[in-house]
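Next up, model07.txt (compact mmCIF, C-alpha atoms and all ligand atoms):
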# COMPACT_ATOMS: atom_id res chain seq x y z
CA MET A 1 -4.14 -8.27 16.74
CA LYS A 2 -1.03 -10.34 17.25
CA VAL A 3 0.17 -10.29 20.87
CA ILE A 4 3.74 -11.15 21.85
CA VAL A 5 4.50 -11.28 25.58
CA THR A 6 8.14 -11.02 26.63
CA LYS A 7 9.85 -11.51 29.99
CA ASN A 8 11.09 -7.95 30.30
CA TYR A 9 11.83 -4.61 28.62
CA ASP A 10 15.03 -5.78 26.91
CA GLU A 11 13.29 -8.73 25.28
CA MET A 12 10.42 -6.48 24.22
CA SER A 13 12.91 -4.10 22.60
CA ALA A 14 14.81 -6.93 20.88
CA LYS A 15 11.61 -8.39 19.43
CA ALA A 16 10.47 -4.95 18.22
CA PHE A 17 13.87 -4.46 16.59
CA GLU A 18 13.54 -7.79 14.71
CA ILE A 19 10.29 -6.57 13.16
CA MET A 20 11.71 -3.11 12.40
CA LEU A 21 14.79 -4.62 10.75
CA GLY A 22 12.54 -6.81 8.60
CA VAL A 23 10.74 -3.69 7.31
CA VAL A 24 14.00 -1.81 6.59
CA LYS A 25 15.59 -4.81 4.84
CA ALA A 26 12.48 -5.46 2.75
CA ASN A 27 12.43 -1.84 1.53
CA PRO A 28 15.46 0.44 1.96
CA ARG A 29 13.18 3.39 1.07
CA ALA A 30 10.56 2.50 3.68
CA VAL A 31 8.60 5.14 5.60
CA LEU A 32 9.01 4.58 9.34
CA GLY A 33 6.46 6.14 11.67
CA LEU A 34 8.30 6.84 14.92
CA ALA A 35 7.38 7.68 18.49
CA THR A 36 9.03 9.40 21.46
CA GLY A 37 8.76 8.52 25.16
CA SER A 38 10.59 6.02 27.36
CA THR A 39 9.12 2.91 25.72
CA PRO A 40 10.84 2.92 22.28
CA ILE A 41 14.33 3.88 23.55
CA GLY A 42 15.44 0.22 23.73
CA LEU A 43 14.24 -0.37 20.16
CA TYR A 44 16.23 2.67 18.99
CA ARG A 45 19.35 1.46 20.84
CA ASN A 46 19.10 -1.85 18.98
CA MET A 47 18.78 -0.01 15.65
CA VAL A 48 21.90 2.07 16.42
CA ARG A 49 23.92 -0.96 17.54
CA ASP A 50 22.93 -2.93 14.44
CA HIS A 51 23.77 0.03 12.19
CA LYS A 52 27.25 0.23 13.76
CA GLU A 53 27.93 -3.50 13.85
CA ASN A 54 26.24 -4.68 10.67
CA GLY A 55 26.07 -1.54 8.55
CA THR A 56 22.31 -1.58 7.99
CA SER A 57 21.75 1.63 6.03
CA TYR A 58 19.06 4.26 6.57
CA ARG A 59 20.34 6.48 3.75
CA GLU A 60 17.09 6.31 1.78
CA ILE A 61 14.75 5.71 4.73
CA ARG A 62 12.12 8.35 5.43
CA THR A 63 10.45 8.99 8.78
CA VAL A 64 7.36 10.68 10.17
CA ASN A 65 6.99 11.35 13.88
CA LEU A 66 3.76 11.31 15.81
CA ASP A 67 3.77 14.55 17.75
CA GLU A 68 5.56 17.66 18.97
CA TYR A 69 5.04 20.20 21.75
CA ALA A 70 3.63 23.55 20.65
CA GLY A 71 5.94 26.45 21.43
CA LEU A 72 9.22 24.51 21.63
CA PRO A 73 11.81 25.07 18.89
CA ALA A 74 13.39 21.96 17.33
CA ASP A 75 16.68 22.65 19.14
CA HIS A 76 15.04 22.84 22.60
CA ALA A 77 16.34 20.03 24.84
CA GLN A 78 12.79 18.80 25.61
CA SER A 79 11.41 18.99 22.08
CA TYR A 80 10.58 15.70 20.42
CA ALA A 81 12.66 16.76 17.40
CA HIS A 82 15.65 16.91 19.76
CA PHE A 83 14.73 13.57 21.37
CA MET A 84 14.76 11.87 17.96
CA ARG A 85 18.16 13.28 17.05
CA GLU A 86 19.66 12.34 20.43
CA ASN A 87 18.22 8.84 20.60
CA LEU A 88 18.32 7.80 16.96
CA PHE A 89 18.93 10.04 13.98
CA ASP A 90 22.38 11.40 14.93
CA MET A 91 23.73 7.85 15.23
CA LEU A 92 22.39 6.59 11.88
CA ASP A 93 23.22 7.56 8.30
CA ILE A 94 19.70 8.88 7.80
CA ARG A 95 19.39 12.20 5.95
CA LYS A 96 17.92 14.97 8.06
CA GLU A 97 15.75 16.17 5.17
CA ASN A 98 14.10 12.73 5.11
CA THR A 99 12.91 13.04 8.73
CA ASN A 100 9.60 14.74 9.43
CA ILE A 101 7.90 16.08 12.54
CA GLU A 102 5.38 18.84 13.19
CA ASN A 103 6.90 22.33 13.60
CA GLY A 104 6.20 23.27 17.21
CA MET A 105 6.98 26.91 16.44
CA ALA A 106 4.50 27.27 13.56
CA SER A 107 2.73 30.62 13.95
CA ASP A 108 -0.35 29.39 12.10
CA ALA A 109 -1.38 26.10 13.74
CA ALA A 110 -4.12 25.32 11.22
CA SER A 111 -1.80 25.57 8.24
CA GLU A 112 0.87 23.52 10.04
CA CYS A 113 -1.71 20.74 10.61
CA ALA A 114 -2.77 20.96 6.95
CA ARG A 115 0.88 20.75 5.85
CA TYR A 116 1.48 17.65 7.97
CA ASN A 117 -1.72 15.94 6.83
CA ALA A 118 -0.80 16.51 3.19
CA LEU A 119 2.65 15.10 3.87
CA LEU A 120 1.17 12.01 5.54
CA ASP A 121 -1.32 11.53 2.71
CA GLY A 122 1.65 11.08 0.39
CA MET A 123 3.75 8.99 2.78
CA GLN A 124 1.97 5.90 4.02
CA GLN A 125 3.94 4.46 6.93
CA ASP A 126 5.32 0.98 6.21
CA VAL A 127 5.36 0.59 9.96
CA GLN A 128 4.13 2.88 12.73
CA VAL A 129 5.73 2.50 16.17
CA LEU A 130 3.53 3.43 19.13
CA GLY A 131 3.72 3.57 22.90
CA ILE A 132 0.56 3.71 24.99
CA GLY A 133 -0.42 6.05 27.81
CA SER A 134 -1.72 4.62 31.07
CA ASN A 135 -5.13 6.10 30.12
CA GLY A 136 -5.09 4.38 26.71
CA HIS A 137 -3.89 7.37 24.70
CA ILE A 138 -1.74 6.93 21.59
CA ALA A 139 0.40 9.88 20.48
CA PHE A 140 -1.35 12.85 22.16
CA ASN A 141 -4.80 11.51 21.28
CA GLU A 142 -6.45 11.55 24.69
CA PRO A 143 -9.69 9.71 25.60
CA GLY A 144 -12.60 11.11 23.60
CA THR A 145 -10.59 11.87 20.45
CA PRO A 146 -12.64 10.90 17.37
CA PHE A 147 -11.39 7.84 15.46
CA GLY A 148 -11.64 9.94 12.28
CA SER A 149 -9.24 12.63 13.58
CA VAL A 150 -6.24 13.83 11.58
CA THR A 151 -3.33 16.05 12.69
CA HIS A 152 -4.58 18.62 15.19
CA VAL A 153 -3.56 20.70 18.19
CA VAL A 154 -4.48 19.31 21.60
CA GLU A 155 -4.60 20.94 25.01
CA LEU A 156 -2.71 18.53 27.23
CA THR A 157 -4.58 17.05 30.18
CA GLU A 158 -3.29 17.72 33.70
CA SER A 159 -2.30 14.04 34.04
CA THR A 160 -0.23 14.13 30.84
CA ILE A 161 1.43 17.38 31.94
CA ARG A 162 2.27 15.73 35.28
CA ASP A 163 3.57 12.53 33.60
CA ASN A 164 5.76 14.51 31.21
CA SER A 165 7.04 16.99 33.79
CA ARG A 166 9.73 14.47 34.85
CA LEU A 167 11.75 15.58 31.84
CA PHE A 168 11.49 19.31 32.59
CA ASP A 169 13.12 21.36 35.38
CA ARG A 170 9.76 22.67 36.58
CA ILE A 171 6.16 21.59 35.89
CA GLU A 172 5.44 25.19 34.74
CA ASP A 173 7.90 24.62 31.90
CA VAL A 174 5.81 21.82 30.32
CA PRO A 175 4.00 23.18 27.26
CA ARG A 176 0.20 23.28 27.59
CA SER A 177 -0.51 22.13 24.06
CA ALA A 178 0.93 19.97 21.31
CA PHE A 179 0.56 18.99 17.68
CA THR A 180 -0.35 15.35 17.16
CA MET A 181 -1.14 13.00 14.32
CA GLY A 182 -4.78 11.95 14.59
CA LEU A 183 -6.04 8.39 14.91
CA LYS A 184 -6.88 8.22 11.20
CA ASN A 185 -3.29 9.16 10.25
CA ILE A 186 -2.03 6.39 12.55
CA MET A 187 -4.48 3.79 11.21
CA GLN A 188 -3.32 4.40 7.61
CA ALA A 189 0.00 2.63 8.39
CA LYS A 190 0.52 -0.72 6.66
CA LYS A 191 1.71 -2.19 9.93
CA ILE A 192 1.40 -1.03 13.55
CA LEU A 193 3.93 -1.97 16.19
CA ILE A 194 2.70 -1.00 19.65
CA LEU A 195 4.95 -1.49 22.67
CA ALA A 196 4.13 -1.49 26.37
CA ASN A 197 6.02 -2.34 29.50
CA GLY A 198 5.41 -2.08 33.21
CA ALA A 199 2.48 -2.75 35.52
CA ASN A 200 1.17 0.83 35.13
CA LYS A 201 0.28 -0.04 31.50
CA ALA A 202 -1.71 -3.22 32.34
CA ASP A 203 -5.16 -1.57 32.29
CA ALA A 204 -4.41 0.28 29.06
CA VAL A 205 -3.15 -2.95 27.45
CA TYR A 206 -6.34 -4.73 28.51
CA GLY A 207 -8.39 -1.96 26.88
CA LEU A 208 -6.25 -2.13 23.74
CA VAL A 209 -6.63 -5.90 23.26
CA LYS A 210 -9.81 -7.02 24.99
CA GLY A 211 -11.85 -3.94 25.82
CA GLU A 212 -14.73 -2.46 23.86
CA VAL A 213 -13.73 -0.52 20.75
CA THR A 214 -14.56 2.95 21.97
CA GLU A 215 -13.30 6.51 21.63
CA LYS A 216 -13.02 6.49 25.44
CA VAL A 217 -9.93 4.27 24.94
CA PRO A 218 -8.13 5.67 21.86
CA ALA A 219 -5.82 2.63 21.52
CA SER A 220 -8.85 0.33 21.13
CA VAL A 221 -9.19 1.60 17.53
CA LEU A 222 -6.20 -0.64 16.75
CA GLN A 223 -8.47 -3.70 17.06
CA LEU A 224 -9.81 -2.58 13.67
CA HIS A 225 -6.35 -2.62 12.02
CA ASN A 226 -5.51 -5.69 9.95
CA ASP A 227 -1.80 -5.84 10.81
CA CYS A 228 -1.24 -4.73 14.37
CA VAL A 229 1.41 -6.34 16.59
CA LEU A 230 1.52 -5.66 20.32
CA ILE A 231 4.77 -6.51 22.10
CA CYS A 232 4.56 -6.17 25.85
CA ASP A 233 6.33 -7.46 28.91
CA GLU A 234 4.69 -9.77 31.45
CA ALA A 235 3.84 -6.91 33.81
CA ALA A 236 1.94 -4.99 31.11
CA ALA A 237 0.25 -8.25 29.98
CA ALA A 238 -0.99 -9.09 33.51
CA ARG A 239 -4.69 -8.60 32.66
CA LEU A 240 -4.72 -10.42 29.30
P1 LIG A 301 6.11 6.37 27.68
O1 LIG A 301 4.89 7.16 27.07
O2 LIG A 301 6.72 5.58 26.57
O3 LIG A 301 7.04 7.44 28.19
O4 LIG A 301 5.55 5.49 28.77
C1 LIG A 301 3.98 6.46 26.29
C2 LIG A 301 2.86 7.38 25.89
O5 LIG A 301 2.38 8.18 26.72
O6 LIG A 301 2.43 7.30 24.73

Do you think you could lay out the structure here as structure tokens?
Ligand code: PGA
Amino acid sequence: MKVIVTKNYDEMSAKAFEIMLGVVKANPRAVLGLATGSTPIGLYRNMVRDHKENGTSYREIRTVNLDEYAGLPADHAQSYAHFMRENLFDMLDIRKENTNIENGMASDAASECARYNALLDGMQQDVQVLGIGSNGHIAFNEPGTPFGSVTHVVELTESTIRDNSRLFDRIEDVPRSAFTMGLKNIMQAKKILILANGANKADAVYGLVKGEVTEKVPASVLQLHNDCVLICDEAAAARL
């Protein structure tokens, strides 16, 4: 794993953008695996600014997102589909039909997972962006998720519900379950770009880079990937 330590969040985002731009320039039809959460927002801002200033085109770019809450429609303000439009897609020239995310409203969860797995089988990510949870989760793959997992429905842990409740009016409004790509779907990406900032991620970053490769720390599976780049700020790198 390549590790890049930056002074702060803005430098982390700028460095991540450099790598992302390289992928988009090398292949204007690239498949970008994208993530939600606070961490990648700076990367997305850089992509939007560059698109406006330099005209980098996303017209033929395709995307796959990691996860989506079960029970939230795509137009719900807290859905991840909405997050992606607000923070990225609406400001680029990307075509909506080229963006993919699980359907949180699917009435048959098993067939929705099968649909998404088939889609991913035919769309290897040229790069997969990831954040990391303070417990070492990636996407909604919580500790104990098998490394061989593919898209599935997870019951969210109390700690994840608490963490994510900051974006909802009331904790009772946070969905109890979600669709998520599995670890195997993530590992199929040609390149992984994992970002982390802040002291609350230091233990997880240690587990990702130096800890034992174990299903107890889902991110540790990335030690087995042959092109994984971690970009983190000094606070998140404190234990390396
Ligand atoms: P965050 O979430 O970017 O909001 O910190 C990361 C994660 O839980 O994967």

Could you check which of A:Ala189, A:Ala81, A:Val153, A:Met91 is closest to Asp121 of chain A, using all atoms listed in the file?
A:Ala189

Please give me, as JSON, numbers by chain, the residues lying within 6 Å of ligand LIG 301 (chain A) when counting all atoms listed in the file.
{"A": [37, 38, 39, 131, 132, 133, 138, 139]}

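Counting all atoms listed in the file, the residue from A:Asn98, A:Thr160, A:Asn103, A:Leu130 that sits nearest to Ala16 of chain A is A:Leu130.
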
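With only C-alpha atoms taken into account, the protein and nucleic acid residues at most 10 Å from Gln188 of chain A (excluding it and anything under 3 positions from it in its own chain) are Leu120, Asp121, Met123, Gln124, Gln125, Asp126, Val127, Gln128, Leu183, Lys184, Asn185, Lys191, Ile192 and His225 of chain A.
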
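When all atoms listed in the file are used to measure the gap to Val3 of chain A, the shortest distance among A:Glu102, A:Leu224, A:Lys210, A:Arg95 belongs to A:Lys210.
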
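Proximity to Val129 of chain A was assessed for A:Ala14, A:Leu66, A:Leu92, A:Ala106 counting only C-alpha atoms; the smallest distance is recorded for A:Leu66.
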
Might you pull out every residue within 12 Å of Pro40 of chain A, with all atoms listed in the file counted and same-chain residues fewer than 4 positions away left off, and present them as a compact mmCIF listing (two decimals) with C-alpha atoms, in the coordinates of the input?
# COMPACT_ATOMS: atom_id res chain seq x y z
CA TYR A 9 11.83 -4.61 28.62
CA ASP A 10 15.03 -5.78 26.91
CA MET A 12 10.42 -6.48 24.22
CA SER A 13 12.91 -4.10 22.60
CA ALA A 14 14.81 -6.93 20.88
CA LYS A 15 11.61 -8.39 19.43
CA ALA A 16 10.47 -4.95 18.22
CA PHE A 17 13.87 -4.46 16.59
CA MET A 20 11.71 -3.11 12.40
CA GLY A 33 6.46 6.14 11.67
CA LEU A 34 8.30 6.84 14.92
CA ALA A 35 7.38 7.68 18.49
CA THR A 36 9.03 9.40 21.46
CA TYR A 44 16.23 2.67 18.99
CA ARG A 45 19.35 1.46 20.84
CA ASN A 46 19.10 -1.85 18.98
CA MET A 47 18.78 -0.01 15.65
CA PHE A 83 14.73 13.57 21.37
CA MET A 84 14.76 11.87 17.96
CA ASN A 87 18.22 8.84 20.60
CA LEU A 88 18.32 7.80 16.96
CA GLN A 128 4.13 2.88 12.73
CA VAL A 129 5.73 2.50 16.17
CA LEU A 130 3.53 3.43 19.13
CA GLY A 131 3.72 3.57 22.90
CA ILE A 132 0.56 3.71 24.99
CA LEU A 193 3.93 -1.97 16.19
CA ILE A 194 2.70 -1.00 19.65
CA LEU A 195 4.95 -1.49 22.67
CA ALA A 196 4.13 -1.49 26.37
CA ASN A 197 6.02 -2.34 29.50
CA ILE A 231 4.77 -6.51 22.10
CA CYS A 232 4.56 -6.17 25.85

Show me the residues close to (14.7, 7.1, 2.9) - anything with an atom within 9 Å, counting all atoms listed in the file - and format the list as a PyMOL selection string.
chain A and resi 28-32+58-63+94-95+98-99

All residues 6 Å or closer to His152 of chain A, only C-alpha atoms, same chain fewer than 2 positions away omitted, as a list of chain:residue names:
A:Cys113, A:Phe179, A:Thr180

Please, what distance in Å, to one decimal, runs between atom CA of Ser79 of chain A and atom CA of Asn164 of chain A?
11.6 Å

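For the atom pair formed by atom CA of Leu240 of chain A and atom CA of Gln223 of chain A, the distance is 14.5 Å, given to one decimal.
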
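Note that atom CA of Glu11 of chain A and atom CA of Glu234 of chain A are 10.6 Å apart.
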
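The nearest approach to Ala219 of chain A among the residues A:Gly198, A:Gly136, A:Gly182, A:Pro143, with all atoms listed in the file taken into account, belongs to A:Gly136.
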
Quick one: everything within 12 Å of Phe168 of chain A, counting only C-alpha atoms, minus sequence neighbours fewer than 6 positions away in the same chain. Send it as a PyMOL selection string.
chain A and resi 76-79+161-162+174-175

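In this comparison, which uses all atoms listed in the file, the residue of A:Val48, A:Leu230, A:Ala109, A:Ala114 approaching Asp93 of chain A most closely is A:Val48.
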
Nearby residues, (5.5, 30.3, 16.4) file frame, 9 Å, only C-alpha atoms, as a tab-separated table (two decimals) with C-alpha atoms, in the coordinates of the input:
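So the final result, stored in part19.tsv, reads:
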chain	number	residue	atom	x	y	z
A	70	ALA	CA	3.63	23.55	20.65
A	71	GLY	CA	5.94	26.45	21.43
A	72	LEU	CA	9.22	24.51	21.63
A	73	PRO	CA	11.81	25.07	18.89
A	103	ASN	CA	6.90	22.33	13.60
A	104	GLY	CA	6.20	23.27	17.21
A	105	MET	CA	6.98	26.91	16.44
A	106	ALA	CA	4.50	27.27	13.56
A	107	SER	CA	2.73	30.62	13.95
A	108	ASP	CA	-0.35	29.39	12.10
A	109	ALA	CA	-1.38	26.10	13.74

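Every protein, DNA or RNA residue with an atom at most 10 Å from Thr145 of chain A, where all atoms listed in the file count and chain neighbours fewer than 6 positions away do not, is listed here: His137, Val154, Gly182, Leu183, Thr214, Glu215, Lys216, Val217 and Pro218 of chain A.
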